[in-house]
$ cat structure-v7.cif   # mmCIF, C-alpha atoms, pLDDT in the B column; chains and numbers go by the auth columns
data_input
loop_
_atom_site.group_PDB
_atom_site.id
_atom_site.type_symbol
_atom_site.label_atom_id
_atom_site.label_comp_id
_atom_site.label_asym_id
_atom_site.label_seq_id
_atom_site.Cartn_x
_atom_site.Cartn_y
_atom_site.Cartn_z
_atom_site.B_iso_or_equiv
_atom_site.auth_seq_id
_atom_site.auth_asym_id
ATOM 1 C CA MET A 1 58.605 -5.122 -4.327 50.00 1397 A
ATOM 2 C CA LYS A 2 56.765 -2.098 -2.941 56.00 1398 A
ATOM 3 C CA VAL A 3 54.482 -2.078 -6.003 54.00 1399 A
ATOM 4 C CA ASP A 4 53.595 -5.758 -5.446 64.00 1400 A
ATOM 5 C CA THR A 5 52.665 -5.095 -1.814 64.00 1401 A
ATOM 6 C CA MET A 6 50.527 -2.120 -2.866 59.00 1402 A
ATOM 7 C CA THR A 7 48.815 -4.172 -5.586 62.00 1403 A
ATOM 8 C CA GLN A 8 48.108 -6.963 -3.098 64.00 1404 A
ATOM 9 C CA SER A 9 46.657 -4.443 -0.626 60.00 1405 A
ATOM 10 C CA ILE A 10 44.366 -3.016 -3.305 60.00 1406 A
ATOM 11 C CA ARG A 11 43.206 -6.498 -4.298 63.00 1407 A
ATOM 12 C CA LEU A 12 42.596 -7.399 -0.637 57.00 1408 A
ATOM 13 C CA LEU A 13 40.539 -4.229 -0.100 52.00 1409 A
ATOM 14 C CA ALA A 14 38.534 -4.904 -3.263 55.00 1410 A
ATOM 15 C CA ALA A 15 37.858 -8.492 -2.136 54.00 1411 A
ATOM 16 C CA LEU A 16 36.786 -7.340 1.327 49.00 1412 A
ATOM 17 C CA GLY A 17 34.459 -4.766 -0.264 51.00 1413 A
ATOM 18 C CA ALA A 18 32.900 -7.432 -2.469 48.00 1414 A
ATOM 19 C CA ILE A 19 32.401 -9.721 0.532 47.00 1415 A
ATOM 20 C CA ALA A 20 30.736 -6.877 2.469 44.00 1416 A
ATOM 21 C CA VAL A 21 28.336 -6.226 -0.409 40.00 1417 A
ATOM 22 C CA LEU A 22 27.480 -9.914 -0.734 42.00 1418 A
ATOM 23 C CA ALA A 23 27.043 -10.323 3.023 42.00 1419 A
ATOM 24 C CA ALA A 24 24.628 -7.368 3.329 40.00 1420 A
ATOM 25 C CA PRO A 25 21.014 -8.546 3.519 40.00 1421 A
ATOM 26 C CA ALA A 26 19.107 -7.856 0.350 38.00 1422 A
ATOM 27 C CA VAL A 27 15.704 -6.257 0.693 37.00 1423 A
ATOM 28 C CA VAL A 28 13.443 -6.434 -2.299 37.00 1424 A
ATOM 29 C CA VAL A 29 10.860 -3.667 -2.343 43.00 1425 A
ATOM 30 C CA ALA A 30 7.457 -4.780 -3.584 50.00 1426 A
ATOM 31 C CA GLN A 31 6.243 -1.621 -5.256 52.00 1427 A
ATOM 32 C CA ALA A 32 3.441 -1.003 -7.663 54.00 1428 A
ATOM 33 C CA ALA A 33 2.844 2.257 -9.499 72.00 1429 A
ATOM 34 C CA SER A 34 -0.692 2.180 -8.133 88.00 1430 A
ATOM 35 C CA LEU A 35 -3.027 -0.380 -6.672 91.00 1431 A
ATOM 36 C CA ASN A 36 -6.747 -0.090 -7.417 90.00 1432 A
ATOM 37 C CA VAL A 37 -9.141 -1.137 -4.660 91.00 1433 A
ATOM 38 C CA GLU A 38 -12.926 -0.935 -4.884 89.00 1434 A
ATOM 39 C CA ILE A 39 -14.694 0.778 -2.017 86.00 1435 A
ATOM 40 C CA ASP A 40 -15.644 -1.645 0.776 88.00 1436 A
ATOM 41 C CA GLN A 41 -13.479 -4.358 -0.830 92.00 1437 A
ATOM 42 C CA ALA A 42 -10.051 -5.694 0.173 95.00 1438 A
ATOM 43 C CA ARG A 43 -6.924 -6.569 -1.812 95.00 1439 A
ATOM 44 C CA ARG A 44 -4.204 -8.916 -0.589 96.00 1440 A
ATOM 45 C CA VAL A 45 -0.593 -7.734 -0.766 95.00 1441 A
ATOM 46 C CA GLN A 46 2.195 -10.258 -0.264 95.00 1442 A
ATOM 47 C CA LEU A 47 5.422 -8.599 0.917 93.00 1443 A
ATOM 48 C CA ARG A 48 8.848 -9.889 -0.025 86.00 1444 A
ATOM 49 C CA GLY A 49 10.214 -9.127 3.411 92.00 1445 A
ATOM 50 C CA PRO A 50 8.793 -8.843 6.915 95.00 1446 A
ATOM 51 C CA ALA A 51 7.109 -5.555 7.806 95.00 1447 A
ATOM 52 C CA GLY A 52 7.795 -3.938 11.150 94.00 1448 A
ATOM 53 C CA SER A 53 5.493 -0.944 10.592 95.00 1449 A
ATOM 54 C CA VAL A 54 2.795 0.034 8.104 96.00 1450 A
ATOM 55 C CA ILE A 55 1.900 3.650 7.364 96.00 1451 A
ATOM 56 C CA VAL A 56 -1.334 4.751 5.654 97.00 1452 A
ATOM 57 C CA GLY A 57 -1.306 8.274 4.218 96.00 1453 A
ATOM 58 C CA ASN A 58 -5.034 8.909 4.676 94.00 1454 A
ATOM 59 C CA PRO A 59 -6.884 6.327 6.788 95.00 1455 A
ATOM 60 C CA GLN A 60 -10.246 7.723 5.635 93.00 1456 A
ATOM 61 C CA ILE A 61 -9.458 6.452 2.112 91.00 1457 A
ATOM 62 C CA ALA A 62 -7.797 3.094 2.866 95.00 1458 A
ATOM 63 C CA ASP A 63 -7.165 0.847 5.830 96.00 1459 A
ATOM 64 C CA VAL A 64 -4.573 -1.903 6.250 97.00 1460 A
ATOM 65 C CA THR A 65 -4.920 -5.147 8.165 95.00 1461 A
ATOM 66 C CA VAL A 66 -1.650 -6.930 8.934 94.00 1462 A
ATOM 67 C CA VAL A 67 -2.259 -10.687 8.780 94.00 1463 A
ATOM 68 C CA ASP A 68 1.357 -11.655 9.431 95.00 1464 A
ATOM 69 C CA ALA A 69 4.756 -10.034 8.887 93.00 1465 A
ATOM 70 C CA ASN A 70 4.577 -10.701 5.133 95.00 1466 A
ATOM 71 C CA THR A 71 0.856 -10.288 4.321 96.00 1467 A
ATOM 72 C CA LEU A 72 -1.326 -7.165 4.249 96.00 1468 A
ATOM 73 C CA TYR A 73 -4.937 -6.612 3.253 97.00 1469 A
ATOM 74 C CA ILE A 74 -5.756 -3.132 1.981 97.00 1470 A
ATOM 75 C CA THR A 75 -9.431 -2.145 2.296 95.00 1471 A
ATOM 76 C CA GLY A 76 -11.032 0.736 0.380 92.00 1472 A
ATOM 77 C CA LYS A 77 -12.849 2.950 2.893 90.00 1473 A
ATOM 78 C CA GLY A 78 -13.512 6.154 0.960 86.00 1474 A
ATOM 79 C CA TYR A 79 -13.135 7.387 -2.609 82.00 1475 A
ATOM 80 C CA GLY A 80 -9.771 8.933 -3.405 87.00 1476 A
ATOM 81 C CA VAL A 81 -6.038 8.364 -3.568 92.00 1477 A
ATOM 82 C CA THR A 82 -3.597 7.730 -0.728 94.00 1478 A
ATOM 83 C CA GLU A 83 -0.311 5.934 -0.162 96.00 1479 A
ATOM 84 C CA VAL A 84 0.612 2.861 1.869 96.00 1480 A
ATOM 85 C CA VAL A 85 4.191 2.231 2.975 96.00 1481 A
ATOM 86 C CA ALA A 86 5.512 -0.804 4.873 96.00 1482 A
ATOM 87 C CA VAL A 87 8.990 -0.787 6.391 96.00 1483 A
ATOM 88 C CA ASP A 88 10.959 -3.613 7.959 95.00 1484 A
ATOM 89 C CA PRO A 89 12.028 -3.543 11.630 94.00 1485 A
ATOM 90 C CA ILE A 90 15.099 -1.423 10.858 94.00 1486 A
ATOM 91 C CA GLY A 91 13.266 1.078 8.650 93.00 1487 A
ATOM 92 C CA ARG A 92 13.922 -0.177 5.108 94.00 1488 A
ATOM 93 C CA THR A 93 10.973 0.069 2.719 94.00 1489 A
ATOM 94 C CA VAL A 94 9.511 -3.336 1.790 95.00 1490 A
ATOM 95 C CA PHE A 95 6.330 -1.999 0.136 94.00 1491 A
ATOM 96 C CA GLN A 96 5.238 1.385 -1.165 95.00 1492 A
ATOM 97 C CA SER A 97 2.267 2.009 -3.408 94.00 1493 A
ATOM 98 C CA GLN A 98 -0.287 4.609 -4.323 95.00 1494 A
ATOM 99 C CA ILE A 99 -3.759 3.274 -3.456 94.00 1495 A
ATOM 100 C CA VAL A 100 -6.664 4.373 -5.672 91.00 1496 A
ATOM 101 C CA VAL A 101 -10.091 3.664 -4.178 88.00 1497 A
ATOM 102 C CA THR A 102 -12.897 3.662 -6.738 84.00 1498 A
ATOM 103 C CA ALA A 103 -16.497 2.539 -7.030 78.00 1499 A
ATOM 104 C CA GLY A 104 -15.445 -0.248 -9.386 70.00 1500 A
ATOM 105 C CA ASP A 105 -18.113 -1.283 -11.859 63.00 1501 A
ATOM 106 C CA GLY A 106 -20.855 0.205 -9.665 57.00 1502 A
ATOM 107 C CA SER A 107 -23.043 -2.891 -9.744 59.00 1503 A
ATOM 108 C CA GLY A 108 -25.363 -3.117 -6.784 65.00 1504 A
ATOM 109 C CA ARG A 109 -24.850 0.499 -5.734 69.00 1505 A
ATOM 110 C CA VAL A 110 -27.166 3.446 -6.207 73.00 1506 A
ATOM 111 C CA ARG A 111 -26.881 6.999 -4.931 76.00 1507 A
ATOM 112 C CA MET A 112 -30.175 8.855 -4.369 79.00 1508 A
ATOM 113 C CA TRP A 113 -30.189 12.644 -4.151 82.00 1509 A
ATOM 114 C CA ARG A 114 -32.747 14.817 -2.337 85.00 1510 A
ATOM 115 C CA GLY A 115 -31.606 18.387 -2.751 86.00 1511 A
ATOM 116 C CA ALA A 116 -28.037 18.552 -1.434 84.00 1512 A
ATOM 117 C CA SER A 117 -28.327 15.306 0.549 84.00 1513 A
ATOM 118 C CA ALA A 118 -27.297 11.940 -0.910 81.00 1514 A
ATOM 119 C CA THR A 119 -28.062 8.441 0.333 80.00 1515 A
ATOM 120 C CA GLU A 120 -26.050 5.464 -0.859 76.00 1516 A
ATOM 121 C CA MET A 121 -28.124 2.354 -1.407 73.00 1517 A
ATOM 122 C CA ALA A 122 -26.990 -1.264 -1.602 66.00 1518 A
ATOM 123 C CA CYS A 123 -29.167 -3.141 -4.082 68.00 1519 A
ATOM 124 C CA ALA A 124 -29.776 -6.788 -4.835 62.00 1520 A
ATOM 125 C CA SER A 125 -33.406 -7.894 -5.351 65.00 1521 A
ATOM 126 C CA SER A 126 -34.373 -4.776 -3.356 68.00 1522 A
ATOM 127 C CA CYS A 127 -32.496 -1.675 -2.181 71.00 1523 A
ATOM 128 C CA SER A 128 -31.691 -0.509 1.334 67.00 1524 A
ATOM 129 C CA PRO A 129 -29.429 2.234 2.710 70.00 1525 A
ATOM 130 C CA SER A 130 -25.789 1.163 2.875 63.00 1526 A
ATOM 131 C CA VAL A 131 -23.625 1.437 5.955 59.00 1527 A
ATOM 132 C CA ARG A 132 -22.353 4.741 4.586 57.00 1528 A
ATOM 133 C CA GLY A 133 -25.893 6.120 5.028 49.00 1529 A
ATOM 134 C CA THR A 134 -26.732 9.704 4.158 50.00 1530 A
ATOM 135 C CA SER A 135 -24.152 12.248 3.145 52.00 1531 A
ATOM 136 C CA GLY A 136 -24.563 16.004 3.115 50.00 1532 A
ATOM 137 C CA PRO A 137 -23.228 18.753 0.835 47.00 1533 A
ATOM 138 C CA GLN A 138 -19.687 18.521 2.227 46.00 1534 A
ATOM 139 C CA ALA A 139 -19.470 14.774 1.540 46.00 1535 A
ATOM 140 C CA ALA A 140 -21.003 15.268 -1.903 44.00 1536 A
ATOM 141 C CA ALA A 141 -18.352 17.868 -2.739 47.00 1537 A
ATOM 142 C CA SER A 142 -15.588 15.484 -1.690 47.00 1538 A
ATOM 143 C CA GLY A 143 -16.926 12.652 -3.887 50.00 1539 A
ATOM 144 C CA GLU A 144 -18.526 10.453 -1.213 47.00 1540 A
#

$ encode --input "structure-v7.cif" --output "structure tokens"
Amino acid sequence: MKVDTMTQSIRLLAALGAIAVLAAPAVVVAQAASLNVEIDQARRVQLRGPAGSVIVGNPQIADVTVVDANTLYITGKGYGVTEVVAVDPIGRTVFQSQIVVTAGDGSGRVRMWRGASATEMACASSCSPSVRGTSGPQAAASGE
């Protein structure tokens, strides 16, 4: 009789544990190994859970615009690699990805050098200096 009571207690505990696991909210983390974004372009990221906070590793490389709790736009601001993490209101990760900002195919962009100074040009039927303007030796060394 004591064995039956013990067996029933173990079964009850196992059932309660299973119910607790099933009742816990599931958070699916949208994670990519890396996300490529062209400079001055934006990529949409749809989250699988609401974000409470978004963290950008290096805001000089990428910027994030939060459209709503489940939608982000990641914009390439400078050449390089950084990381973006989104967490829900209680701190669980709902998105984490390495962001690689590149020049893309390079169409419509020209970089002119005069000594150690570079000027980025935006070109269509004619060329004009881009918003990035002129960069000096330090920017040239960093890849801008």

$ residues_around --input "structure-v7.cif" --residues "Ile1451 (chain A)" --least-positions-apart "3" --cutoff "9 Å" --atoms "only C-alpha atoms" --output "ChimeraX atom specification"
/A:1460,1479-1483

$ residues_around --input "structure-v7.cif" --residues "Val1463 (chain A)" --least-positions-apart "6" --cutoff "12 Å" --atoms "only C-alpha atoms" --output "ChimeraX atom specification"
/A:1440-1443,1446-1447,1450,1469-1470

$ atom_distance --input "structure-v7.cif" --atom1 "CA of Thr1498 (chain A)" --atom2 "CA of Ala1465 (chain A)"
27.3 Å

$ residues_near_point --input "structure-v7.cif" --point "(-5.3, 11.7, -5.4)" --cutoff "10 Å" --atoms "all atoms listed in the file" --output "list in words"
Tyr1475, Gly1476, Val1477, Thr1478, Glu1479, Gln1494, Ile1495, Val1496 and Val1497 of chain A

$ closest_residue --input "structure-v7.cif" --among "A:Gly1500, A:Arg1444, A:Leu1468, A:Lys1473" --to "Gln1456 (chain A)" --atoms "only C-alpha atoms"
A:Lys1473
